[in-house]
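Enquirer: If it helps, the file is called input.cif and holds mmCIF, N, CA and C atoms and all ligand atoms:
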```cif
data_entry
#
loop_
_atom_site.label_atom_id
_atom_site.label_comp_id
_atom_site.auth_asym_id
_atom_site.auth_seq_id
_atom_site.Cartn_x
_atom_site.Cartn_y
_atom_site.Cartn_z
N MET A 358 0.84 -1.19 0.00
CA MET A 358 0.00 0.00 0.00
C MET A 358 0.88 1.25 0.00
N VAL A 359 0.78 2.03 -1.02
CA VAL A 359 1.64 3.21 -1.10
C VAL A 359 0.82 4.49 -1.21
N ASP A 360 -0.48 4.37 -1.16
CA ASP A 360 -1.31 5.57 -1.22
C ASP A 360 -1.70 6.04 0.17
N GLY A 361 -2.59 6.97 0.22
CA GLY A 361 -3.04 7.46 1.52
C GLY A 361 -3.92 8.66 1.40
N LEU A 362 -3.89 9.45 2.42
CA LEU A 362 -4.67 10.68 2.43
C LEU A 362 -3.69 11.85 2.26
N LYS A 363 -3.96 12.67 1.30
CA LYS A 363 -3.09 13.82 1.09
C LYS A 363 -3.64 15.01 1.87
N ILE A 364 -2.83 15.52 2.77
CA ILE A 364 -3.22 16.69 3.56
C ILE A 364 -2.62 17.91 2.87
N GLY A 365 -3.48 18.77 2.36
CA GLY A 365 -3.00 19.94 1.63
C GLY A 365 -2.57 21.06 2.57
N ARG A 366 -2.03 22.10 1.98
CA ARG A 366 -1.63 23.27 2.76
C ARG A 366 -2.87 23.91 3.39
N PRO A 367 -2.74 24.34 4.65
CA PRO A 367 -3.89 24.95 5.30
C PRO A 367 -4.27 26.27 4.63
N LYS A 368 -5.57 26.51 4.57
CA LYS A 368 -6.08 27.76 3.98
C LYS A 368 -7.00 28.41 5.01
N ARG A 369 -7.35 29.67 4.76
CA ARG A 369 -8.30 30.34 5.65
C ARG A 369 -9.60 30.59 4.91
N ASP A 370 -10.70 30.34 5.60
CA ASP A 370 -11.99 30.65 4.98
C ASP A 370 -12.30 32.14 5.20
N SER A 371 -13.46 32.60 4.74
CA SER A 371 -13.78 34.03 4.82
C SER A 371 -13.87 34.54 6.25
N ASP A 372 -14.07 33.63 7.21
CA ASP A 372 -14.10 34.03 8.62
C ASP A 372 -12.72 33.97 9.26
N GLY A 373 -11.72 33.61 8.47
CA GLY A 373 -10.36 33.55 9.01
C GLY A 373 -10.03 32.25 9.70
N VAL A 374 -10.94 31.28 9.61
CA VAL A 374 -10.69 29.99 10.25
C VAL A 374 -9.79 29.15 9.34
N LEU A 375 -8.77 28.60 9.96
CA LEU A 375 -7.81 27.78 9.22
C LEU A 375 -8.41 26.39 8.96
N TYR A 376 -8.33 25.93 7.74
CA TYR A 376 -8.81 24.58 7.47
C TYR A 376 -7.84 23.85 6.54
N HIS A 377 -7.89 22.55 6.56
CA HIS A 377 -6.99 21.74 5.76
C HIS A 377 -7.76 20.99 4.68
N PRO A 378 -7.35 21.11 3.42
CA PRO A 378 -7.96 20.29 2.38
C PRO A 378 -7.37 18.87 2.44
N ILE A 379 -8.21 17.87 2.40
CA ILE A 379 -7.75 16.49 2.48
C ILE A 379 -8.31 15.71 1.29
N THR A 380 -7.46 14.95 0.64
CA THR A 380 -7.89 14.15 -0.51
C THR A 380 -7.49 12.70 -0.29
N CYS A 381 -8.42 11.80 -0.52
CA CYS A 381 -8.12 10.37 -0.47
C CYS A 381 -7.40 10.02 -1.77
N LEU A 382 -6.26 9.34 -1.64
CA LEU A 382 -5.45 9.02 -2.83
C LEU A 382 -5.81 7.65 -3.42
N ASN A 383 -6.81 7.01 -2.86
CA ASN A 383 -7.32 5.79 -3.48
C ASN A 383 -7.87 6.18 -4.85
N PRO A 384 -7.28 5.65 -5.93
CA PRO A 384 -7.70 6.09 -7.27
C PRO A 384 -9.18 5.83 -7.57
N LYS A 385 -9.76 4.87 -6.87
CA LYS A 385 -11.18 4.58 -7.09
C LYS A 385 -12.07 5.54 -6.30
N CYS A 386 -11.49 6.30 -5.42
CA CYS A 386 -12.28 7.12 -4.51
C CYS A 386 -12.06 8.62 -4.76
N ARG A 387 -10.86 9.10 -4.47
CA ARG A 387 -10.52 10.51 -4.69
C ARG A 387 -11.42 11.48 -3.93
N TYR A 388 -11.98 11.03 -2.85
CA TYR A 388 -12.86 11.88 -2.05
C TYR A 388 -12.09 13.06 -1.51
N HIS A 389 -12.69 14.23 -1.55
CA HIS A 389 -12.04 15.44 -1.07
C HIS A 389 -12.91 16.12 -0.02
N TRP A 390 -12.31 16.51 1.08
CA TRP A 390 -13.06 17.25 2.08
C TRP A 390 -12.13 18.21 2.80
N GLU A 391 -12.72 19.03 3.63
CA GLU A 391 -11.94 20.01 4.37
C GLU A 391 -12.29 19.91 5.84
N GLN A 392 -11.29 20.08 6.67
CA GLN A 392 -11.58 20.10 8.10
C GLN A 392 -10.69 21.12 8.78
N ALA A 393 -11.25 21.70 9.85
CA ALA A 393 -10.57 22.81 10.51
C ALA A 393 -9.57 22.35 11.56
N VAL A 394 -9.81 21.20 12.15
CA VAL A 394 -8.97 20.82 13.30
C VAL A 394 -8.27 19.48 13.09
N GLU A 395 -7.14 19.32 13.78
CA GLU A 395 -6.46 18.03 13.86
C GLU A 395 -7.14 17.25 14.99
N PRO A 396 -6.96 15.97 15.15
CA PRO A 396 -6.06 15.12 14.37
C PRO A 396 -6.61 14.81 12.99
N PHE A 397 -5.69 14.59 12.08
CA PHE A 397 -6.09 14.21 10.74
C PHE A 397 -6.60 12.77 10.77
N PRO A 398 -7.56 12.49 9.93
CA PRO A 398 -8.12 11.13 9.92
C PRO A 398 -7.14 10.13 9.34
N LYS A 399 -7.27 8.89 9.75
CA LYS A 399 -6.45 7.82 9.19
C LYS A 399 -7.29 6.97 8.24
N LYS A 400 -8.57 7.19 8.32
CA LYS A 400 -9.51 6.43 7.51
C LYS A 400 -10.26 7.38 6.60
N CYS A 401 -10.42 7.00 5.35
CA CYS A 401 -11.22 7.82 4.45
C CYS A 401 -12.69 7.63 4.80
N PRO A 402 -13.44 8.73 5.00
CA PRO A 402 -14.85 8.58 5.37
C PRO A 402 -15.71 7.99 4.25
N LYS A 403 -15.22 8.04 3.01
CA LYS A 403 -16.03 7.53 1.90
C LYS A 403 -15.72 6.07 1.58
N CYS A 404 -14.46 5.79 1.21
CA CYS A 404 -14.14 4.41 0.80
C CYS A 404 -13.74 3.53 1.99
N LYS A 405 -13.57 4.17 3.17
CA LYS A 405 -13.29 3.46 4.43
C LYS A 405 -11.94 2.76 4.46
N VAL A 406 -11.05 3.10 3.50
CA VAL A 406 -9.72 2.51 3.56
C VAL A 406 -9.00 3.07 4.78
N ASP A 407 -8.45 2.17 5.59
CA ASP A 407 -7.72 2.58 6.79
C ASP A 407 -6.24 2.68 6.45
N TRP A 408 -5.78 3.91 6.26
CA TRP A 408 -4.39 4.13 5.84
C TRP A 408 -3.42 3.94 6.98
N SER A 409 -3.93 3.72 8.17
CA SER A 409 -3.02 3.52 9.30
C SER A 409 -2.59 2.05 9.41
N LEU A 410 -3.18 1.18 8.58
CA LEU A 410 -2.83 -0.25 8.66
C LEU A 410 -1.35 -0.47 8.38
N LEU A 411 -0.81 0.26 7.44
CA LEU A 411 0.61 0.12 7.12
C LEU A 411 1.45 0.49 8.34
N ALA A 412 1.03 1.56 9.01
CA ALA A 412 1.73 2.01 10.21
C ALA A 412 1.72 0.91 11.28
N THR A 413 0.57 0.33 11.49
CA THR A 413 0.41 -0.74 12.48
C THR A 413 1.27 -1.94 12.12
N ARG A 414 1.27 -2.27 10.86
CA ARG A 414 2.02 -3.43 10.36
C ARG A 414 3.53 -3.25 10.60
N ILE A 415 4.03 -2.11 10.26
CA ILE A 415 5.47 -1.84 10.43
C ILE A 415 5.84 -1.89 11.91
N LYS A 416 5.00 -1.26 12.73
CA LYS A 416 5.26 -1.21 14.17
C LYS A 416 5.29 -2.62 14.77
N THR A 417 4.31 -3.45 14.37
CA THR A 417 4.21 -4.81 14.89
C THR A 417 5.40 -5.66 14.46
N LEU A 418 5.73 -5.61 13.17
CA LEU A 418 6.85 -6.42 12.65
C LEU A 418 8.17 -5.99 13.30
N ARG A 419 8.33 -4.70 13.48
CA ARG A 419 9.56 -4.18 14.09
C ARG A 419 9.67 -4.70 15.53
N ALA A 420 8.56 -4.63 16.26
CA ALA A 420 8.56 -5.08 17.65
C ALA A 420 8.85 -6.58 17.74
N GLU A 421 8.27 -7.36 16.81
CA GLU A 421 8.50 -8.82 16.78
C GLU A 421 9.98 -9.15 16.60
N ARG A 422 10.69 -8.29 15.91
CA ARG A 422 12.11 -8.51 15.65
C ARG A 422 13.00 -7.87 16.70
N GLY A 423 12.35 -7.30 17.71
CA GLY A 423 13.10 -6.69 18.81
C GLY A 423 13.93 -5.49 18.39
N LEU A 424 13.44 -4.81 17.35
CA LEU A 424 14.18 -3.63 16.87
C LEU A 424 13.55 -2.36 17.43
N SER A 425 14.39 -1.42 17.80
CA SER A 425 13.88 -0.10 18.17
C SER A 425 13.65 0.68 16.87
N GLN A 426 12.94 1.79 16.99
CA GLN A 426 12.76 2.64 15.81
C GLN A 426 14.12 3.11 15.28
N ALA A 427 15.02 3.39 16.21
CA ALA A 427 16.36 3.86 15.82
C ALA A 427 17.11 2.76 15.06
N ALA A 428 16.97 1.52 15.53
CA ALA A 428 17.64 0.39 14.88
C ALA A 428 17.08 0.18 13.47
N LEU A 429 15.78 0.31 13.33
CA LEU A 429 15.17 0.16 12.00
C LEU A 429 15.62 1.31 11.09
N ALA A 430 15.70 2.49 11.65
CA ALA A 430 16.16 3.65 10.88
C ALA A 430 17.58 3.39 10.35
N GLU A 431 18.42 2.84 11.22
CA GLU A 431 19.80 2.57 10.82
C GLU A 431 19.87 1.49 9.74
N LYS A 432 19.10 0.42 9.92
CA LYS A 432 19.10 -0.67 8.94
C LYS A 432 18.59 -0.24 7.57
N THR A 433 17.63 0.70 7.57
CA THR A 433 17.01 1.10 6.31
C THR A 433 17.71 2.31 5.68
N GLY A 434 18.47 3.03 6.48
CA GLY A 434 19.07 4.26 5.98
C GLY A 434 18.07 5.41 5.93
N LEU A 435 16.89 5.17 6.53
CA LEU A 435 15.88 6.23 6.60
C LEU A 435 16.06 6.94 7.94
N SER A 436 15.53 8.13 8.03
CA SER A 436 15.71 8.87 9.28
C SER A 436 14.77 8.34 10.36
N LEU A 437 15.18 8.55 11.60
CA LEU A 437 14.36 8.14 12.74
C LEU A 437 13.01 8.86 12.71
N GLU A 438 13.05 10.12 12.32
CA GLU A 438 11.83 10.92 12.23
C GLU A 438 10.86 10.32 11.20
N TYR A 439 11.41 9.86 10.09
CA TYR A 439 10.60 9.26 9.03
C TYR A 439 9.92 8.00 9.54
N ILE A 440 10.69 7.13 10.21
CA ILE A 440 10.14 5.88 10.75
C ILE A 440 9.06 6.19 11.78
N ALA A 441 9.35 7.14 12.65
CA ALA A 441 8.39 7.50 13.71
C ALA A 441 7.09 8.02 13.11
N LYS A 442 7.18 8.89 12.12
CA LYS A 442 5.98 9.44 11.49
C LYS A 442 5.18 8.36 10.76
N LEU A 443 5.92 7.46 10.14
CA LEU A 443 5.28 6.36 9.42
C LEU A 443 4.47 5.50 10.39
N GLU A 444 5.06 5.19 11.52
CA GLU A 444 4.39 4.34 12.52
C GLU A 444 3.23 5.05 13.20
N GLN A 445 3.30 6.36 13.24
CA GLN A 445 2.20 7.13 13.85
C GLN A 445 1.10 7.44 12.83
N GLY A 446 1.32 6.99 11.60
CA GLY A 446 0.32 7.24 10.56
C GLY A 446 0.32 8.69 10.10
N GLN A 447 1.38 9.42 10.44
CA GLN A 447 1.44 10.83 10.03
C GLN A 447 1.99 10.97 8.63
N ARG A 448 2.79 9.98 8.26
CA ARG A 448 3.32 9.99 6.89
C ARG A 448 2.60 8.87 6.16
N VAL A 449 1.61 9.23 5.38
CA VAL A 449 0.75 8.21 4.81
C VAL A 449 1.11 7.82 3.38
N SER A 450 2.03 8.53 2.78
CA SER A 450 2.41 8.19 1.41
C SER A 450 3.91 7.95 1.28
N PRO A 451 4.41 6.88 1.92
CA PRO A 451 5.84 6.59 1.78
C PRO A 451 6.15 6.17 0.34
N SER A 452 7.36 6.45 -0.10
CA SER A 452 7.74 6.07 -1.47
C SER A 452 7.95 4.55 -1.54
N LEU A 453 7.84 4.03 -2.73
CA LEU A 453 8.07 2.60 -2.92
C LEU A 453 9.51 2.21 -2.54
N PRO A 454 10.53 2.99 -2.95
CA PRO A 454 11.89 2.64 -2.50
C PRO A 454 12.03 2.59 -0.97
N ALA A 455 11.34 3.47 -0.27
CA ALA A 455 11.40 3.46 1.20
C ALA A 455 10.76 2.17 1.74
N LEU A 456 9.65 1.78 1.13
CA LEU A 456 8.98 0.55 1.57
C LEU A 456 9.83 -0.68 1.27
N VAL A 457 10.54 -0.65 0.17
CA VAL A 457 11.44 -1.77 -0.18
C VAL A 457 12.52 -1.90 0.89
N ARG A 458 13.10 -0.79 1.29
CA ARG A 458 14.14 -0.80 2.33
C ARG A 458 13.58 -1.35 3.64
N ILE A 459 12.38 -0.95 3.98
CA ILE A 459 11.76 -1.40 5.23
C ILE A 459 11.48 -2.90 5.17
N ALA A 460 10.95 -3.34 4.02
CA ALA A 460 10.65 -4.77 3.86
C ALA A 460 11.92 -5.61 3.97
N LEU A 461 13.00 -5.14 3.36
CA LEU A 461 14.28 -5.86 3.43
C LEU A 461 14.79 -5.91 4.87
N ALA A 462 14.71 -4.80 5.56
CA ALA A 462 15.21 -4.73 6.94
C ALA A 462 14.39 -5.63 7.87
N LEU A 463 13.10 -5.74 7.59
CA LEU A 463 12.22 -6.56 8.43
C LEU A 463 12.15 -8.01 7.93
N LYS A 464 12.83 -8.27 6.81
CA LYS A 464 12.85 -9.60 6.19
C LYS A 464 11.43 -10.10 5.89
N VAL A 465 10.66 -9.24 5.28
CA VAL A 465 9.32 -9.63 4.84
C VAL A 465 9.16 -9.30 3.36
N LYS A 466 8.15 -9.93 2.77
CA LYS A 466 7.86 -9.66 1.36
C LYS A 466 7.07 -8.36 1.28
N LEU A 467 7.33 -7.60 0.23
CA LEU A 467 6.54 -6.39 -0.02
C LEU A 467 5.65 -6.68 -1.21
N ARG A 468 4.37 -6.49 -1.03
CA ARG A 468 3.45 -6.76 -2.12
C ARG A 468 2.63 -5.50 -2.41
N VAL A 469 2.74 -5.02 -3.62
CA VAL A 469 1.92 -3.90 -4.05
C VAL A 469 1.03 -4.44 -5.16
N GLU A 470 -0.25 -4.35 -4.97
CA GLU A 470 -1.16 -4.99 -5.93
C GLU A 470 -1.91 -3.97 -6.78
N LEU A 471 -2.00 -4.27 -8.04
CA LEU A 471 -2.93 -3.59 -8.92
C LEU A 471 -3.92 -4.67 -9.31
N ASP A 472 -4.85 -4.87 -8.44
CA ASP A 472 -5.70 -6.04 -8.55
C ASP A 472 -7.04 -5.68 -9.19
N ARG A 473 -7.65 -6.68 -9.78
CA ARG A 473 -9.01 -6.52 -10.31
C ARG A 473 -9.98 -7.32 -9.47
ZN ZN B 501 -11.35 7.18 -0.08
#
```
Output the file's structure in the form of structure tokens.
Ligand SMILES: [Zn+2]
Expert:
Amino acid sequence: MVDGLKIGRPKRDSDGVLYHPITCLNPKCRYHWEQAVEPFPKKCPKCKVDWSLLATRIKTLRAERGLSQAALAEKTGLSLEYIAKLEQGQRVSPSLPALVRIALALKVKLRVELDR
């Protein structure tokens, strides 16, 4: 899974309230909405895809291998901040090369499907 929810730059409405444009990156969905406050959702309200599953999966596999976030960062060559954000579901669109590094470090298969 390499898609997610895109959080756009915050804008102000006519009342001066700051809001964030959010777009679901599921190509079948592309739902767009705006919200004024955090936390940002991990689930798309329309297609119901839970983009935090990847975060949960990485966290679980890492823990099973007795690796700290710092150790995984070192093994993958990714920054500790990147790993932390990924596990917190804050970084919802990791690149495929980053996922390949993580899969190799965790010794798991990476499967990206374009399924029918
Ligand atoms: Zn969606």
Enquirer: Env of Tyr376 of chain A: 6.5 Å cut, atoms = only N, CA and C atoms, seq-sep filter 4 positions within chain, self excluded. Answer as an mmCIF file with N, CA and C atoms, in the coordinates of the input.
Expert:
```cif
data_model
loop_
_atom_site.group_PDB
_atom_site.id
_atom_site.type_symbol
_atom_site.label_atom_id
_atom_site.label_comp_id
_atom_site.auth_asym_id
_atom_site.auth_seq_id
_atom_site.Cartn_x
_atom_site.Cartn_y
_atom_site.Cartn_z
ATOM 1 N N ARG A 366 -2.030 22.100 1.980
ATOM 2 C CA ARG A 366 -1.630 23.270 2.760
ATOM 3 C C ARG A 366 -2.870 23.910 3.390
ATOM 4 N N PRO A 367 -2.740 24.340 4.650
ATOM 5 C CA PRO A 367 -3.890 24.950 5.300
ATOM 6 C C PRO A 367 -4.270 26.270 4.630
ATOM 7 N N LYS A 368 -5.570 26.510 4.570
ATOM 8 C CA LYS A 368 -6.080 27.760 3.980
ATOM 9 C C LYS A 368 -7.000 28.410 5.010
ATOM 10 N N ARG A 369 -7.350 29.670 4.760
ATOM 11 C CA ARG A 369 -8.300 30.340 5.650
ATOM 12 C C ARG A 369 -9.600 30.590 4.910
ATOM 13 N N ASP A 370 -10.700 30.340 5.600
ATOM 14 C CA ASP A 370 -11.990 30.650 4.980
ATOM 15 C C ASP A 370 -12.300 32.140 5.200
ATOM 16 N N GLU A 391 -12.720 19.030 3.630
ATOM 17 C CA GLU A 391 -11.940 20.010 4.370
ATOM 18 C C GLU A 391 -12.290 19.910 5.840
ATOM 19 N N GLN A 392 -11.290 20.080 6.670
ATOM 20 C CA GLN A 392 -11.580 20.100 8.100
ATOM 21 C C GLN A 392 -10.690 21.120 8.780
ATOM 22 N N ALA A 393 -11.250 21.700 9.850
ATOM 23 C CA ALA A 393 -10.570 22.810 10.510
ATOM 24 C C ALA A 393 -9.570 22.350 11.560
ATOM 25 N N VAL A 394 -9.810 21.200 12.150
ATOM 26 C CA VAL A 394 -8.970 20.820 13.300
ATOM 27 C C VAL A 394 -8.270 19.480 13.090
#
```
Enquirer: Mind pulling up the distance from atom CA of Cys404 of chain A to atom CA of Lys466 of chain A?
Expert: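 We find that atom CA of Lys466 of chain A and atom CA of Cys404 of chain A lie 26.1 Å from each other.
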Enquirer: If you count all atoms listed in the file, which residues end up within 6.5 Å of ligand ZN 501 (chain B), as a ChimeraX atom specification?
Expert: /A:381-383,385-388,401-406
Enquirer: Assuming 8 Å of padding per side, give the centre and edge lengths of the axis-aligned box around every listed atom of segment 367-384 of chain A, in Å to one decimal and as lines of an AutoDock Vina configuration file.
Expert:
```
center_x = -8.4
center_y = 20.1
center_z = 1.3
size_x = 27.4
size_y = 44.9
size_z = 33.8
```
Enquirer: Looking only at helix (DSSP H, G or I) from DSSP on the backbone, list the matching residues of segment 370-418 of chain A as a ChimeraX atom specification.
Expert: /A:410-418
Enquirer: Between A:Ala420, A:Ile364, A:Ala428, A:Ala412, which is the closest to Lys442 of chain A once you count all atoms listed in the file?
Expert: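 Closest residue, counting all atoms listed in the file: A:Ala412.
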Enquirer: Between A:Asp472, A:Ser371, A:His377, A:Val465, which has the minimum distance to Glu421 of chain A (counting only C-alpha atoms)?
Expert: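 For Glu421 of chain A, the nearest of the given residues is A:Val465.
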Enquirer: Quick one: of A:Lys399, A:Arg422, A:Leu435, A:Trp408, who's nearest to Ala455 of chain A, counting all atoms listed in the file?
Expert: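 Between A:Lys399, A:Arg422, A:Leu435, A:Trp408, the residue approaching Ala455 of chain A most closely is A:Leu435.
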Enquirer: Can you list every residue in chain A that DSSP puts in strand (DSSP E or B), as a PyMOL selection string?
Expert: chain A and resi 362-364+368-369+375-381+389-392+400+407
Enquirer: Residues within 8 Å of Leu443 of chain A, please, as a PyMOL selection string. Count all atoms listed in the file; anything in the same chain fewer than 6 positions from it doesn't count.
Expert: chain A and resi 409+411-413+415-416+437+449-451
Enquirer: Okay, now the selection with N, CA and C atoms, as a PDB file, in the coordinates of the input?
Expert:
```pdb
ATOM      1  N   SER A 409      -3.930   3.720   8.170  1.00  0.00           N
ATOM      2  CA  SER A 409      -3.020   3.520   9.300  1.00  0.00           C
ATOM      3  C   SER A 409      -2.590   2.050   9.410  1.00  0.00           C
ATOM      4  N   LEU A 411      -0.810   0.260   7.440  1.00  0.00           N
ATOM      5  CA  LEU A 411       0.610   0.120   7.120  1.00  0.00           C
ATOM      6  C   LEU A 411       1.450   0.490   8.340  1.00  0.00           C
ATOM      7  N   ALA A 412       1.030   1.560   9.010  1.00  0.00           N
ATOM      8  CA  ALA A 412       1.730   2.010  10.210  1.00  0.00           C
ATOM      9  C   ALA A 412       1.720   0.910  11.280  1.00  0.00           C
ATOM     10  N   THR A 413       0.570   0.330  11.490  1.00  0.00           N
ATOM     11  CA  THR A 413       0.410  -0.740  12.480  1.00  0.00           C
ATOM     12  C   THR A 413       1.270  -1.940  12.120  1.00  0.00           C
ATOM     13  N   ILE A 415       4.030  -2.110  10.260  1.00  0.00           N
ATOM     14  CA  ILE A 415       5.470  -1.840  10.430  1.00  0.00           C
ATOM     15  C   ILE A 415       5.840  -1.890  11.910  1.00  0.00           C
ATOM     16  N   LYS A 416       5.000  -1.260  12.730  1.00  0.00           N
ATOM     17  CA  LYS A 416       5.260  -1.210  14.170  1.00  0.00           C
ATOM     18  C   LYS A 416       5.290  -2.620  14.770  1.00  0.00           C
ATOM     19  N   LEU A 437      15.180   8.550  11.600  1.00  0.00           N
ATOM     20  CA  LEU A 437      14.360   8.140  12.740  1.00  0.00           C
ATOM     21  C   LEU A 437      13.010   8.860  12.710  1.00  0.00           C
ATOM     22  N   VAL A 449       1.610   9.230   5.380  1.00  0.00           N
ATOM     23  CA  VAL A 449       0.750   8.210   4.810  1.00  0.00           C
ATOM     24  C   VAL A 449       1.110   7.820   3.380  1.00  0.00           C
ATOM     25  N   SER A 450       2.030   8.530   2.780  1.00  0.00           N
ATOM     26  CA  SER A 450       2.410   8.190   1.410  1.00  0.00           C
ATOM     27  C   SER A 450       3.910   7.950   1.280  1.00  0.00           C
ATOM     28  N   PRO A 451       4.410   6.880   1.920  1.00  0.00           N
ATOM     29  CA  PRO A 451       5.840   6.590   1.780  1.00  0.00           C
ATOM     30  C   PRO A 451       6.150   6.170   0.340  1.00  0.00           C
TER      31      PRO A 451
END
```
Enquirer: Of the residues A:His389, A:Thr417, A:Asp407, A:Thr433, which is the one nearest to Ala460 of chain A, using only N, CA and C atoms?
Expert: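 Between A:His389, A:Thr417, A:Asp407, A:Thr433, the residue approaching Ala460 of chain A most closely is A:Thr433.
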Enquirer: Dump C-alpha atoms of segment 390-441 of chain A from the given block, as a JSON list (two decimals), in the first residue's frame.
Expert:
```
[["chain", "number", "residue", "atom", "x", "y", "z"],
["A", 390, "TRP", "CA", -13.06, 17.25, 2.08],
["A", 391, "GLU", "CA", -11.94, 20.01, 4.37],
["A", 392, "GLN", "CA", -11.58, 20.10, 8.10],
["A", 393, "ALA", "CA", -10.57, 22.81, 10.51],
["A", 394, "VAL", "CA", -8.97, 20.82, 13.30],
["A", 395, "GLU", "CA", -6.46, 18.03, 13.86],
["A", 396, "PRO", "CA", -6.06, 15.12, 14.37],
["A", 397, "PHE", "CA", -6.09, 14.21, 10.74],
["A", 398, "PRO", "CA", -8.12, 11.13, 9.92],
["A", 399, "LYS", "CA", -6.45, 7.82, 9.19],
["A", 400, "LYS", "CA", -9.51, 6.43, 7.51],
["A", 401, "CYS", "CA", -11.22, 7.82, 4.45],
["A", 402, "PRO", "CA", -14.85, 8.58, 5.37],
["A", 403, "LYS", "CA", -16.03, 7.53, 1.90],
["A", 404, "CYS", "CA", -14.14, 4.41, 0.80],
["A", 405, "LYS", "CA", -13.29, 3.46, 4.43],
["A", 406, "VAL", "CA", -9.72, 2.51, 3.56],
["A", 407, "ASP", "CA", -7.72, 2.58, 6.79],
["A", 408, "TRP", "CA", -4.39, 4.13, 5.84],
["A", 409, "SER", "CA", -3.02, 3.52, 9.30],
["A", 410, "LEU", "CA", -2.83, -0.25, 8.66],
["A", 411, "LEU", "CA", 0.61, 0.12, 7.12],
["A", 412, "ALA", "CA", 1.73, 2.01, 10.21],
["A", 413, "THR", "CA", 0.41, -0.74, 12.48],
["A", 414, "ARG", "CA", 2.02, -3.43, 10.36],
["A", 415, "ILE", "CA", 5.47, -1.84, 10.43],
["A", 416, "LYS", "CA", 5.26, -1.21, 14.17],
["A", 417, "THR", "CA", 4.21, -4.81, 14.89],
["A", 418, "LEU", "CA", 6.85, -6.42, 12.65],
["A", 419, "ARG", "CA", 9.56, -4.18, 14.09],
["A", 420, "ALA", "CA", 8.56, -5.08, 17.65],
["A", 421, "GLU", "CA", 8.50, -8.82, 16.78],
["A", 422, "ARG", "CA", 12.11, -8.51, 15.65],
["A", 423, "GLY", "CA", 13.10, -6.69, 18.81],
["A", 424, "LEU", "CA", 14.18, -3.63, 16.87],
["A", 425, "SER", "CA", 13.88, -0.10, 18.17],
["A", 426, "GLN", "CA", 12.76, 2.64, 15.81],
["A", 427, "ALA", "CA", 16.36, 3.86, 15.82],
["A", 428, "ALA", "CA", 17.64, 0.39, 14.88],
["A", 429, "LEU", "CA", 15.17, 0.16, 12.00],
["A", 430, "ALA", "CA", 16.16, 3.65, 10.88],
["A", 431, "GLU", "CA", 19.80, 2.57, 10.82],
["A", 432, "LYS", "CA", 19.10, -0.67, 8.94],
["A", 433, "THR", "CA", 17.01, 1.10, 6.31],
["A", 434, "GLY", "CA", 19.07, 4.26, 5.98],
["A", 435, "LEU", "CA", 15.88, 6.23, 6.60],
["A", 436, "SER", "CA", 15.71, 8.87, 9.28],
["A", 437, "LEU", "CA", 14.36, 8.14, 12.74],
["A", 438, "GLU", "CA", 11.83, 10.92, 12.23],
["A", 439, "TYR", "CA", 10.60, 9.26, 9.03],
["A", 440, "ILE", "CA", 10.14, 5.88, 10.75],
["A", 441, "ALA", "CA", 8.39, 7.50, 13.71]]
```
